[in-house]
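Participant: This is model-v2.txt (compact mmCIF, C-alpha atoms (C1' of nucleotides)).
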# COMPACT_ATOMS: atom_id res chain seq x y z
CA MET A 1 -141.44 5.87 32.90
CA LEU A 2 -144.46 8.05 32.75
CA ARG A 3 -142.41 10.93 33.94
CA LEU A 4 -143.90 14.24 34.86
CA SER A 5 -141.81 17.28 34.08
CA LYS A 6 -140.24 19.00 37.03
CA ILE A 7 -142.42 22.02 36.52
CA THR A 8 -145.44 19.84 37.15
CA ASP A 9 -143.74 18.24 40.07
CA TYR A 10 -143.02 21.64 41.56
CA GLY A 11 -146.54 22.64 40.71
CA VAL A 12 -148.08 19.96 42.87
CA VAL A 13 -145.86 20.91 45.77
CA ILE A 14 -146.52 24.60 45.44
CA LEU A 15 -150.23 24.27 44.90
CA SER A 16 -150.48 21.88 47.81
CA CYS A 17 -148.78 24.49 49.87
CA LEU A 18 -151.34 27.04 48.79
CA ALA A 19 -154.04 24.53 49.54
CA GLY A 20 -153.23 24.72 53.21
CA ARG A 21 -153.74 28.47 53.31
CA ARG A 22 -156.98 29.16 51.60
CA ASP A 23 -157.84 32.84 51.27
CA GLU A 24 -154.33 33.94 52.05
CA LEU A 25 -152.32 35.69 49.41
CA LEU A 26 -148.87 34.16 49.20
CA SER A 27 -146.22 35.73 47.03
CA ALA A 28 -143.86 33.75 44.88
CA SER A 29 -140.99 34.49 47.22
CA ASP A 30 -143.03 33.40 50.23
CA LEU A 31 -143.64 30.08 48.55
CA ALA A 32 -140.02 29.79 47.49
CA GLY A 33 -139.04 30.12 51.11
CA THR A 34 -141.54 27.56 52.26
CA THR A 35 -140.85 24.96 49.62
CA GLY A 36 -137.15 25.40 49.02
CA ILE A 37 -137.72 25.72 45.29
CA SER A 38 -135.87 28.58 43.62
CA GLU A 39 -137.82 31.77 43.41
CA ALA A 40 -137.52 31.93 39.64
CA ASN A 41 -139.00 28.49 39.30
CA VAL A 42 -141.78 29.18 41.74
CA ALA A 43 -142.64 32.25 39.73
CA LYS A 44 -142.64 30.26 36.53
CA VAL A 45 -144.88 27.62 37.99
CA LEU A 46 -147.33 30.12 39.38
CA LYS A 47 -147.54 32.01 36.13
CA ALA A 48 -148.41 28.80 34.36
CA ALA A 49 -150.89 27.90 37.04
CA ALA A 50 -152.52 31.29 36.68
CA ARG A 51 -152.84 30.83 32.95
CA GLY A 52 -154.37 27.44 33.64
CA GLU A 53 -156.84 29.05 36.00
CA LEU A 54 -155.72 27.00 38.94
CA VAL A 55 -154.64 30.06 40.90
CA ILE A 56 -155.52 33.71 40.83
CA GLY A 57 -152.74 36.24 40.94
CA GLN A 58 -153.10 39.57 42.62
CA ARG A 59 -150.63 42.16 41.43
CA GLY A 60 -149.09 45.05 43.20
CA THR A 61 -147.87 45.63 46.70
CA GLY A 62 -149.11 42.98 49.08
CA GLY A 63 -150.19 40.85 46.16
CA GLY A 64 -149.66 37.17 45.69
CA TYR A 65 -151.49 34.05 44.67
CA ARG A 66 -154.37 32.02 45.98
CA LEU A 67 -156.15 28.98 44.68
CA ALA A 68 -158.87 29.70 42.19
CA ARG A 69 -161.10 27.03 43.70
CA PRO A 70 -161.27 25.10 46.95
CA ALA A 71 -158.42 22.64 47.24
CA ALA A 72 -160.82 19.75 47.37
CA GLU A 73 -162.08 20.67 43.93
CA ILE A 74 -158.70 20.70 42.21
CA SER A 75 -157.54 17.27 41.20
CA ILE A 76 -154.13 16.02 40.18
CA THR A 77 -155.58 15.59 36.72
CA ASP A 78 -156.34 19.31 36.67
CA VAL A 79 -152.83 20.15 37.73
CA VAL A 80 -151.11 17.78 35.36
CA GLU A 81 -153.22 18.87 32.43
CA ALA A 82 -152.65 22.53 33.23
CA PHE A 83 -148.90 22.08 33.09
CA GLU A 84 -148.50 19.39 30.48
CA GLY A 85 -151.57 19.40 28.33
CA PRO A 86 -154.03 16.56 27.93
CA ILE A 87 -153.13 13.27 29.53
CA ALA A 88 -152.36 10.72 26.88
CA LEU A 89 -149.98 7.83 26.96
CA THR A 90 -149.42 7.63 23.26
CA ALA A 91 -149.04 10.08 20.44
CA CYS A 92 -151.66 8.20 18.52
CA VAL A 93 -154.63 9.88 20.13
CA ASP A 94 -155.83 13.36 19.46
CA GLY A 95 -157.13 14.59 16.14
CA GLY A 96 -157.46 11.72 13.69
CA ASP A 97 -154.74 12.98 11.41
CA GLY A 98 -152.72 10.41 9.57
CA SER A 99 -149.78 10.57 11.92
CA CYS A 100 -150.09 6.89 12.60
CA SER A 101 -148.39 5.12 9.77
CA VAL A 102 -150.35 1.95 10.10
CA GLU A 103 -154.02 2.53 10.06
CA SER A 104 -154.76 -1.15 10.32
CA PHE A 105 -153.19 -1.28 13.72
CA CYS A 106 -155.14 1.62 14.98
CA ALA A 107 -157.80 -0.58 16.36
CA MET A 108 -155.49 -0.05 19.29
CA ARG A 109 -156.38 3.57 19.33
CA HIS A 110 -159.66 2.80 20.93
CA ASN A 111 -157.95 0.73 23.56
CA TRP A 112 -155.43 3.44 24.26
CA ASP A 113 -158.24 5.90 24.67
CA VAL A 114 -159.78 3.75 27.34
CA VAL A 115 -156.47 3.23 29.08
CA ASN A 116 -155.83 6.94 29.02
CA GLN A 117 -159.21 7.58 30.50
CA ALA A 118 -158.47 5.14 33.29
CA VAL A 119 -155.28 6.94 34.17
CA ARG A 120 -157.04 10.26 34.00
CA ASP A 121 -159.79 8.98 36.29
CA ALA A 122 -157.26 7.61 38.72
CA LEU A 123 -155.51 10.94 38.99
CA ASN A 124 -158.84 12.64 39.16
CA LYS A 125 -159.66 10.97 42.42
CA VAL A 126 -156.84 12.71 44.24
CA THR A 127 -157.21 16.37 45.05
CA LEU A 128 -154.82 19.02 46.27
CA LYS A 129 -156.52 18.78 49.61
CA ASP A 130 -155.59 15.12 49.82
CA MET A 131 -152.04 15.83 48.83
CA ALA A 132 -151.71 18.62 51.33
CA THR A 133 -153.36 17.10 54.34
CA GLY A 134 -154.86 13.70 53.75
CA ARG A 135 -153.44 10.31 53.50
CA ILE A 136 -154.61 8.20 50.67
CA HIS A 137 -155.25 4.83 52.14
CA ALA A 138 -156.13 2.38 49.44
CA MET A 139 -157.17 2.17 45.89
CA ALA A 140 -158.90 -0.34 43.79
CA PRO A 141 -158.27 0.73 40.26
CA ILE A 142 -160.05 -1.59 37.94
CA ILE A 143 -160.05 -1.78 34.23
CA ASP A 144 -162.74 -4.10 33.11
CA PHE A 145 -162.64 -5.23 29.56
CA SER A 146 -164.63 -8.42 29.45
CA PRO A 147 -166.23 -8.05 26.03
CA PRO A 148 -169.97 -8.29 26.40
CA GLY A 149 -170.43 -10.34 29.51
CA PRO A 150 -170.97 -9.47 33.13
CA VAL A 151 -168.43 -7.49 35.02
CA GLU A 152 -165.75 -9.38 36.80
CA ASP A 153 -165.41 -7.83 40.19
CA THR A 154 -166.72 -4.32 40.22
CA PRO A 155 -170.46 -4.04 40.49
CA GLU A 156 -170.55 -0.41 39.53
CA VAL A 157 -168.92 0.16 36.20
CA ALA A 158 -168.52 3.63 34.93
CA ALA A 159 -168.87 3.19 31.22
CA VAL A 160 -166.12 5.12 29.59
CA GLU A 161 -166.76 4.28 25.96
CA THR A 162 -165.47 7.07 23.81
CA MET J 16 -148.70 14.87 29.24
CA LEU J 17 -147.63 11.55 30.61
CA ARG J 18 -146.01 10.79 27.36
CA LEU J 19 -144.56 7.42 26.54
CA SER J 20 -141.45 7.41 24.43
CA LYS J 21 -141.87 6.37 20.83
CA ILE J 22 -139.87 3.26 21.44
CA THR J 23 -142.47 2.13 23.94
CA ASP J 24 -145.21 3.11 21.58
CA TYR J 25 -143.66 1.04 18.86
CA GLY J 26 -143.15 -1.68 21.36
CA VAL J 27 -146.81 -2.04 22.10
CA VAL J 28 -147.64 -2.17 18.41
CA ILE J 29 -144.96 -4.69 17.62
CA LEU J 30 -145.62 -6.89 20.60
CA SER J 31 -149.32 -6.79 19.90
CA CYS J 32 -148.53 -7.95 16.43
CA LEU J 33 -146.55 -10.84 17.83
CA ALA J 34 -149.39 -11.56 20.19
CA GLY J 35 -151.58 -12.56 17.29
CA ARG J 36 -149.13 -15.18 16.11
CA ARG J 37 -148.15 -17.20 19.07
CA ASP J 38 -145.51 -19.86 18.40
CA GLU J 39 -144.55 -18.32 15.12
CA LEU J 40 -141.09 -16.89 14.71
CA LEU J 41 -141.31 -13.49 13.11
CA SER J 42 -138.18 -11.69 12.04
CA ALA J 43 -137.61 -7.99 12.57
CA SER J 44 -138.06 -7.33 8.88
CA ASP J 45 -141.30 -9.29 8.81
CA LEU J 46 -142.62 -7.10 11.57
CA ALA J 47 -141.31 -3.97 9.93
CA GLY J 48 -143.32 -4.87 6.87
CA THR J 49 -146.43 -5.57 8.85
CA THR J 50 -146.34 -2.52 11.05
CA GLY J 51 -144.81 0.07 8.76
CA ILE J 52 -142.18 0.92 11.34
CA SER J 53 -138.65 1.17 10.00
CA GLU J 54 -136.66 -2.00 10.18
CA ALA J 55 -133.94 -0.40 12.26
CA ASN J 56 -136.44 0.70 14.83
CA VAL J 57 -138.22 -2.60 14.91
CA ALA J 58 -134.89 -4.26 15.54
CA LYS J 59 -134.10 -1.82 18.32
CA VAL J 60 -137.43 -2.40 19.97
CA LEU J 61 -137.16 -6.16 19.77
CA LYS J 62 -133.66 -6.16 21.18
CA ALA J 63 -134.89 -4.17 24.14
CA ALA J 64 -137.88 -6.44 24.50
CA ALA J 65 -135.60 -9.45 24.50
CA ARG J 66 -133.46 -7.92 27.20
CA GLY J 67 -136.62 -7.28 29.17
CA GLU J 68 -137.63 -10.91 28.72
CA LEU J 69 -140.83 -10.05 26.94
CA VAL J 70 -139.78 -11.86 23.80
CA ILE J 71 -137.34 -14.61 22.98
CA GLY J 72 -135.05 -14.18 20.05
CA GLN J 73 -133.91 -17.06 17.92
CA ARG J 74 -130.76 -16.38 15.98
CA GLY J 75 -129.62 -17.69 12.69
CA THR J 76 -131.33 -18.50 9.44
CA GLY J 77 -135.05 -18.79 9.87
CA GLY J 78 -134.80 -17.16 13.23
CA GLY J 79 -136.96 -14.43 14.64
CA TYR J 80 -138.86 -13.48 17.73
CA ARG J 81 -141.78 -14.84 19.67
CA LEU J 82 -143.42 -13.77 22.88
CA ALA J 83 -141.79 -15.14 25.99
CA ARG J 84 -145.18 -15.72 27.60
CA PRO J 85 -148.78 -15.99 26.45
CA ALA J 86 -150.08 -12.63 25.31
CA ALA J 87 -152.73 -12.68 28.01
CA GLU J 88 -150.01 -12.76 30.61
CA ILE J 89 -148.11 -9.71 29.40
CA SER J 90 -149.60 -6.47 30.61
CA ILE J 91 -149.06 -2.93 29.43
CA THR J 92 -147.33 -2.35 32.73
CA ASP J 93 -144.84 -5.05 31.81
CA VAL J 94 -144.22 -3.49 28.45
CA VAL J 95 -143.92 0.05 29.70
CA GLU J 96 -141.61 -0.93 32.52
CA ALA J 97 -139.46 -2.99 30.21
CA PHE J 98 -138.89 -0.04 27.94
CA GLU J 99 -138.94 2.85 30.34
CA GLY J 100 -138.14 1.53 33.75
CA PRO J 101 -140.39 1.66 36.79
CA ILE J 102 -143.59 3.59 36.48
CA ALA J 103 -143.46 6.67 38.65
CA LEU J 104 -145.11 9.99 38.16
CA THR J 105 -142.64 12.00 40.16
CA ALA J 106 -138.91 12.02 40.61
CA CYS J 107 -139.44 12.00 44.34
CA VAL J 108 -139.85 8.27 44.65
CA ASP J 109 -137.14 5.69 44.43
CA GLY J 110 -134.30 5.33 46.88
CA GLY J 111 -134.80 7.71 49.77
CA ASP J 112 -131.84 9.84 48.93
CA GLY J 113 -132.05 13.49 49.80
CA SER J 114 -132.91 14.60 46.30
CA CYS J 115 -136.05 16.23 47.58
CA SER J 116 -135.05 19.60 48.90
CA VAL J 117 -137.94 19.91 51.26
CA GLU J 118 -138.26 16.98 53.53
CA SER J 119 -141.22 18.48 55.29
CA PHE J 120 -143.25 18.32 52.14
CA CYS J 121 -142.46 14.74 51.52
CA ALA J 122 -145.49 13.61 53.33
CA MET J 123 -146.64 13.77 49.76
CA ARG J 124 -144.32 11.00 48.87
CA HIS J 125 -146.62 8.51 50.40
CA ASN J 126 -149.51 9.88 48.41
CA TRP J 127 -147.52 9.79 45.20
CA ASP J 128 -146.65 6.21 45.88
CA VAL J 129 -150.29 5.32 46.09
CA VAL J 130 -151.14 7.27 42.98
CA ASN J 131 -148.34 5.57 41.13
CA GLN J 132 -149.59 2.22 42.23
CA ALA J 133 -153.04 3.07 40.96
CA VAL J 134 -151.69 3.94 37.56
CA ARG J 135 -149.60 0.81 37.52
CA ASP J 136 -152.61 -1.28 38.43
CA ALA J 137 -154.71 0.36 35.77
CA LEU J 138 -152.15 -0.46 33.10
CA ASN J 139 -151.76 -3.89 34.57
CA LYS J 140 -155.32 -4.78 33.75
CA VAL J 141 -154.73 -4.50 30.03
CA THR J 142 -152.77 -7.22 28.32
CA LEU J 143 -151.21 -7.57 24.92
CA LYS J 144 -153.99 -9.95 24.06
CA ASP J 145 -156.52 -7.24 24.74
CA MET J 146 -154.59 -4.74 22.69
CA ALA J 147 -154.24 -7.15 19.80
CA THR J 148 -157.70 -8.60 19.63
CA GLY J 149 -160.02 -7.42 22.34
CA ARG J 150 -161.92 -4.31 22.86
CA ILE J 151 -161.73 -2.81 26.25
CA HIS J 152 -165.24 -1.92 27.13
CA ALA J 153 -165.31 -0.07 30.37
CA MET J 154 -163.27 0.71 33.35
CA ALA J 155 -163.99 1.77 36.84
CA PRO J 156 -160.73 3.02 38.20
CA ILE J 157 -161.19 4.04 41.76
CA ILE J 158 -158.83 5.64 44.14
CA ASP J 159 -160.32 5.50 47.53
CA PHE J 160 -158.77 7.65 50.15
CA SER J 161 -161.39 7.99 52.80
CA PRO J 162 -159.17 7.88 55.87
CA PRO J 163 -160.34 5.09 58.13
CA GLY J 164 -163.89 4.44 57.06
CA PRO J 165 -165.45 1.83 54.84
CA VAL J 166 -164.82 1.73 51.16
CA GLU J 167 -167.00 3.82 48.95
CA ASP J 168 -168.11 1.68 46.10
CA THR J 169 -165.71 -1.14 45.46
CA PRO J 170 -166.16 -4.15 47.70
CA GLU J 171 -162.83 -5.65 46.88
CA VAL J 172 -160.10 -3.24 47.77
CA ALA J 173 -156.56 -4.14 47.00
CA ALA J 174 -154.72 -2.55 49.85
CA VAL J 175 -151.76 -0.81 48.39
CA GLU J 176 -150.20 0.59 51.50
CA THR J 177 -146.51 0.85 50.99
C1' DA H 20 -116.04 -25.29 5.51
C1' DA H 21 -118.22 -21.43 3.54
C1' DT H 22 -122.21 -18.74 3.04
C1' DT H 23 -126.17 -16.63 4.39
C1' DA H 24 -129.83 -15.02 7.47
C1' DA H 25 -130.83 -13.66 11.45
C1' DT H 26 -130.33 -11.67 16.47
C1' DA H 27 -127.21 -9.00 20.06
C1' DG H 28 -124.95 -5.08 21.64
C1' DG H 29 -123.55 -0.79 21.48
C1' DA H 30 -121.81 3.82 19.45
C1' DC H 31 -123.19 7.86 17.50
C1' DA H 32 -124.87 12.53 15.58
C1' DG H 33 -128.92 15.20 15.08
C1' DA H 34 -133.18 16.78 16.66
C1' DT H 35 -136.24 17.75 20.18
C1' DT H 36 -137.53 18.80 24.86
C1' DT H 37 -136.72 20.37 29.35
C1' DA H 38 -134.65 23.34 32.94
C1' DG H 39 -133.43 27.30 34.78
C1' DT H 40 -132.60 32.19 34.47
C1' DC H 41 -133.38 36.78 33.28
C1' DC H 42 -135.43 41.01 31.42
C1' DG H 43 -139.03 44.21 30.48
C1' DA H 44 -144.03 45.35 30.89
C1' DT H 45 -147.99 45.80 33.66
C1' DT H 46 -150.68 46.54 37.81
C1' DA H 47 -151.72 48.15 42.39
C1' DC H 48 -150.85 50.24 46.80
C1' DG H 49 -148.99 53.98 49.76
C1' DC C 5 -144.07 58.69 42.08
C1' DG C 6 -141.83 54.79 43.90
C1' DT C 7 -142.16 50.17 45.36
C1' DA C 8 -143.80 45.50 45.32
C1' DA C 9 -145.75 42.34 43.13
C1' DT C 10 -147.64 39.55 38.92
C1' DC C 11 -147.35 38.70 33.80
C1' DG C 12 -145.30 37.41 29.42
C1' DG C 13 -141.88 35.94 26.97
C1' DA C 14 -136.90 35.27 25.30
C1' DC C 15 -132.98 32.84 25.90
C1' DT C 16 -129.07 29.42 26.85
C1' DA C 17 -127.40 25.19 28.48
C1' DA C 18 -128.31 20.63 29.57
C1' DA C 19 -130.57 16.46 29.12
C1' DT C 20 -133.15 13.26 26.62
C1' DC C 21 -135.02 10.97 22.59
C1' DT C 22 -134.71 9.37 17.84
C1' DG C 23 -133.06 7.10 14.28
C1' DT C 24 -129.23 4.92 12.01
C1' DC C 25 -125.22 2.27 11.51
C1' DC C 26 -121.42 -0.91 12.55
C1' DT C 27 -119.61 -5.02 14.31
C1' DA C 28 -120.07 -9.32 16.78
C1' DT C 29 -122.45 -13.74 17.43
C1' DT C 30 -125.34 -17.64 16.30
C1' DA C 31 -127.56 -21.10 13.47
C1' DA C 32 -129.13 -23.37 9.33
C1' DT C 33 -128.03 -24.54 4.54
C1' DT C 34 -125.25 -25.70 0.74
Would you put the structure from the file into structure tokens?

Facilitator:
Amino acid sequence: MLRLSKITDYGVVILSCLAGRRDELLSASDLAGTTGISEANVAKVLKAAARGELVIGQRGTGGGYRLARPAAEISITDVVEAFEGPIALTACVDGGDGSCSVESFCAMRHNWDVVNQAVRDALNKVTLKDMATGRIHAMAPIIDFSPPGPVEDTPEVAAVET
Amino acid sequence: MLRLSKITDYGVVILSCLAGRRDELLSASDLAGTTGISEANVAKVLKAAARGELVIGQRGTGGGYRLARPAAEISITDVVEAFEGPIALTACVDGGDGSCSVESFCAMRHNWDVVNQAVRDALNKVTLKDMATGRIHAMAPIIDFSPPGPVEDTPEVAAVET
DNA sequence: AATTAATAGGACAGATTTAGTCCGATTACG
DNA sequence: CGTAATCGGACTAAATCTGTCCTATTAATT
């Protein structure tokens, strides 16, 4: 079901919370209070986020965390990839090792790559700022795969060939 | 990493294989031979696919499976949802039960819904026929969230408001 | 009628992954 | 020097996934 782990789920909530308070240092326990997530989990999430360079931690008395970049420049793709690694819907993607038992079928690999890219791009269009404040109103996600011919309904096609 | 379970992964391979041979009855062991997936797993996948009404099983001698619909009418969304249930990136979606500890933050729920829909739509554009034979060439997945204004670059916007 | 080839449904143990907690080390401020 | 924080990792329990097997059921063939 394309599930995200809870850590990532928490991450989006916590980072969105930080997004609203740019330039403020919020401690893990502050954020635990605000979000209702247990302090231990908030800490875990923030440590991971710091490693992923999404937030910057300030140690010591009065320390805390703040976003490493403006909220509008951190996408859901960034967050998801920081917590869960590269976005890929199938195991049959990264390094071309022989993990796929049936090489003949791996013409599909190319197609998966493109599908993965589409998902990545979709998530990339939503930023922490949107999650925190905005309201996403509509989307027109289009995967065009008409072989050589003209594009069906989107005039501007971002070629994603791998 | 937005991982699909292996069963679903197998499912796409196996169903794509069936997609090439419309109107033929292929047994589980046939497909195991073709795909290199163990017979037990192929059987498991096909049983699930039959329950999900993606394929139709014919019992008895000479029996086997065939796609329930033309390959071009079965999307990756269909397959994924058949094997893994509804596509949703966060737990905070279905039935509005109070599983989300922080109601105040669930303004995000709306945004997640839209993101989920975008992913669903992206996967919906790829069919088993494409996976089996075609080559997806490009995609332009767009999530537009400019609040009230006109759409950025796609003229035809499928309004996805929940 | 018996046999055989196939799907249908589910039970099951083992392996893997995830979730949540906790402890010690490090850093910075007063 | 003590306190308040981040940082890094270890650890256990729970949940999930994987792969296999067993037993029905169904249909064609002999």

Participant: From the options C:DC25, C:DA31, C:DC5, C:DC11, which residue's atoms come nearest to chain A, counting all atoms listed in the file?

Facilitator: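 Comparing C:DC25, C:DA31, C:DC5, C:DC11 against chain A, the winner is C:DC11.
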
Participant: Check which residues of chain A sit at most 9 Å from chain C using all atoms listed in the file, and return one row each with the closest pair of atoms and their distance in Å to one decimal, ordered by chain and rising number, as CSV.

Facilitator:
residue,atom,partner,partner_atom,distance
A:Ser27,CA,C:DA9,C1',7.7
A:Ala28,CA,C:DA9,C1',9.0
A:Ala43,CA,C:DT10,C1',8.9
A:Lys47,CA,C:DC11,C1',7.1
A:Gly57,CA,C:DT10,C1',6.4
A:Gln58,CA,C:DT10,C1',6.6
A:Arg59,CA,C:DT10,C1',4.7
A:Gly60,CA,C:DA9,C1',4.3
A:Thr61,CA,C:DA8,C1',4.3
A:Gly62,CA,C:DA9,C1',6.9
A:Gly63,CA,C:DA9,C1',5.6
A:Gly64,CA,C:DA9,C1',7.0
A:Tyr65,CA,C:DT10,C1',8.8

Participant: Keeping C-alpha atoms for every residue in the selection just given, could you write it to a file as a PDB file, in the frame of the given file?

Facilitator:
ATOM      1  CA  SER A  27    -146.220  35.730  47.030  1.00  0.00           C
ATOM      2  CA  ALA A  28    -143.860  33.750  44.880  1.00  0.00           C
ATOM      3  CA  ALA A  43    -142.640  32.250  39.730  1.00  0.00           C
ATOM      4  CA  LYS A  47    -147.540  32.010  36.130  1.00  0.00           C
ATOM      5  CA  GLY A  57    -152.740  36.240  40.940  1.00  0.00           C
ATOM      6  CA  GLN A  58    -153.100  39.570  42.620  1.00  0.00           C
ATOM      7  CA  ARG A  59    -150.630  42.160  41.430  1.00  0.00           C
ATOM      8  CA  GLY A  60    -149.090  45.050  43.200  1.00  0.00           C
ATOM      9  CA  THR A  61    -147.870  45.630  46.700  1.00  0.00           C
ATOM     10  CA  GLY A  62    -149.110  42.980  49.080  1.00  0.00           C
ATOM     11  CA  GLY A  63    -150.190  40.850  46.160  1.00  0.00           C
ATOM     12  CA  GLY A  64    -149.660  37.170  45.690  1.00  0.00           C
ATOM     13  CA  TYR A  65    -151.490  34.050  44.670  1.00  0.00           C
TER      14      TYR A  65
END

Participant: At what distance in Å, to one decimal, does CA of Ala83 (chain J) lie from CA of Cys32 (chain J)?

Facilitator: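 Rounded to one decimal, the two atoms are 13.7 Å apart.
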
Participant: Find the spatial neighbours of Leu82 (chain J), counting all atoms listed in the file, within a cut-off of 7 Å - ignore same-chain residues fewer than 3 positions away - and output them as a list in words.

Facilitator: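 Surrounding residues, per the criterion: Leu33, Ala34, Arg37, Leu69, Val70, Ile71 and Pro85 of chain J.
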
Participant: Those residues with C-alpha atoms, as a CSV table (one decimal), in the coordinates of the input please?

Facilitator:
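Printed below is part-v2.csv as written:
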chain,number,residue,atom,x,y,z
J,33,LEU,CA,-146.6,-10.8,17.8
J,34,ALA,CA,-149.4,-11.6,20.2
J,37,ARG,CA,-148.2,-17.2,19.1
J,69,LEU,CA,-140.8,-10.0,26.9
J,70,VAL,CA,-139.8,-11.9,23.8
J,71,ILE,CA,-137.3,-14.6,23.0
J,85,PRO,CA,-148.8,-16.0,26.4

Participant: Return as a PyMOL selection string the residues belonging to chain H that are within 8 Å of chain A, counting all atoms listed in the file.

Facilitator: chain H and resi 37+39-40+46-48

Participant: Starting from the block above, write region 34-92 of chain J out to a file with C-alpha atoms, as a PDB file, in the first residue's frame, please.

Facilitator:
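decode-v4.pdb, written as the output of this step:
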ATOM      1  CA  ALA J  34      -0.738  -9.661 -20.845  1.00  0.00           C
ATOM      2  CA  GLY J  35       1.274 -10.854 -23.805  1.00  0.00           C
ATOM      3  CA  ARG J  36      -0.906 -13.897 -24.290  1.00  0.00           C
ATOM      4  CA  ARG J  37      -4.443 -12.754 -24.202  1.00  0.00           C
ATOM      5  CA  ASP J  38      -7.038 -15.541 -24.451  1.00  0.00           C
ATOM      6  CA  GLU J  39      -4.517 -18.192 -23.652  1.00  0.00           C
ATOM      7  CA  LEU J  40      -4.871 -20.165 -20.466  1.00  0.00           C
ATOM      8  CA  LEU J  41      -1.546 -20.339 -18.712  1.00  0.00           C
ATOM      9  CA  SER J  42      -1.112 -22.521 -15.672  1.00  0.00           C
ATOM     10  CA  ALA J  43       0.809 -21.469 -12.598  1.00  0.00           C
ATOM     11  CA  SER J  44       3.625 -23.839 -13.465  1.00  0.00           C
ATOM     12  CA  ASP J  45       3.800 -22.502 -17.009  1.00  0.00           C
ATOM     13  CA  LEU J  46       4.252 -19.039 -15.622  1.00  0.00           C
ATOM     14  CA  ALA J  47       6.741 -20.221 -13.040  1.00  0.00           C
ATOM     15  CA  GLY J  48       8.823 -21.619 -15.859  1.00  0.00           C
ATOM     16  CA  THR J  49       8.599 -18.456 -17.878  1.00  0.00           C
ATOM     17  CA  THR J  50       9.327 -16.025 -15.107  1.00  0.00           C
ATOM     18  CA  GLY J  51      11.722 -17.979 -12.929  1.00  0.00           C
ATOM     19  CA  ILE J  52       9.602 -17.330  -9.868  1.00  0.00           C
ATOM     20  CA  SER J  53       8.966 -20.366  -7.698  1.00  0.00           C
ATOM     21  CA  GLU J  54       5.823 -22.249  -8.504  1.00  0.00           C
ATOM     22  CA  ALA J  55       4.454 -21.838  -4.999  1.00  0.00           C
ATOM     23  CA  ASN J  56       4.823 -18.105  -5.209  1.00  0.00           C
ATOM     24  CA  VAL J  57       3.355 -17.882  -8.654  1.00  0.00           C
ATOM     25  CA  ALA J  58       0.364 -19.805  -7.382  1.00  0.00           C
ATOM     26  CA  LYS J  59       0.029 -17.500  -4.407  1.00  0.00           C
ATOM     27  CA  VAL J  60       0.177 -14.438  -6.583  1.00  0.00           C
ATOM     28  CA  LEU J  61      -2.367 -15.752  -9.038  1.00  0.00           C
ATOM     29  CA  LYS J  62      -4.768 -16.736  -6.309  1.00  0.00           C
ATOM     30  CA  ALA J  63      -4.597 -13.226  -4.940  1.00  0.00           C
ATOM     31  CA  ALA J  64      -4.993 -11.793  -8.406  1.00  0.00           C
ATOM     32  CA  ALA J  65      -8.055 -13.946  -8.950  1.00  0.00           C
ATOM     33  CA  ARG J  66      -9.569 -12.735  -5.713  1.00  0.00           C
ATOM     34  CA  GLY J  67      -8.857  -9.202  -6.854  1.00  0.00           C
ATOM     35  CA  GLU J  68     -10.585  -9.920 -10.149  1.00  0.00           C
ATOM     36  CA  LEU J  69      -7.529  -9.157 -12.195  1.00  0.00           C
ATOM     37  CA  VAL J  70      -7.387 -12.658 -13.604  1.00  0.00           C
ATOM     38  CA  ILE J  71      -9.862 -15.453 -14.090  1.00  0.00           C
ATOM     39  CA  GLY J  72      -8.889 -18.919 -13.066  1.00  0.00           C
ATOM     40  CA  GLN J  73     -10.097 -21.981 -14.879  1.00  0.00           C
ATOM     41  CA  ARG J  74      -9.929 -25.145 -12.840  1.00  0.00           C
ATOM     42  CA  GLY J  75      -9.397 -28.676 -13.883  1.00  0.00           C
ATOM     43  CA  THR J  76      -7.280 -30.358 -16.487  1.00  0.00           C
ATOM     44  CA  GLY J  77      -6.043 -27.918 -19.060  1.00  0.00           C
ATOM     45  CA  GLY J  78      -7.025 -25.064 -16.843  1.00  0.00           C
ATOM     46  CA  GLY J  79      -5.028 -21.991 -16.020  1.00  0.00           C
ATOM     47  CA  TYR J  80      -5.345 -18.261 -15.787  1.00  0.00           C
ATOM     48  CA  ARG J  81      -6.083 -15.422 -18.143  1.00  0.00           C
ATOM     49  CA  LEU J  82      -6.495 -11.723 -17.613  1.00  0.00           C
ATOM     50  CA  ALA J  83      -9.970 -10.683 -16.606  1.00  0.00           C
ATOM     51  CA  ARG J  84      -9.773  -7.608 -18.826  1.00  0.00           C
ATOM     52  CA  PRO J  85      -7.662  -6.433 -21.747  1.00  0.00           C
ATOM     53  CA  ALA J  86      -4.143  -5.637 -20.625  1.00  0.00           C
ATOM     54  CA  ALA J  87      -4.556  -2.038 -21.686  1.00  0.00           C
ATOM     55  CA  GLU J  88      -7.358  -1.677 -19.194  1.00  0.00           C
ATOM     56  CA  ILE J  89      -5.453  -2.904 -16.161  1.00  0.00           C
ATOM     57  CA  SER J  90      -3.300  -0.242 -14.596  1.00  0.00           C
ATOM     58  CA  ILE J  91      -0.466  -0.512 -12.128  1.00  0.00           C
ATOM     59  CA  THR J  92      -2.788   1.143  -9.656  1.00  0.00           C
TER      60      THR J  92
END
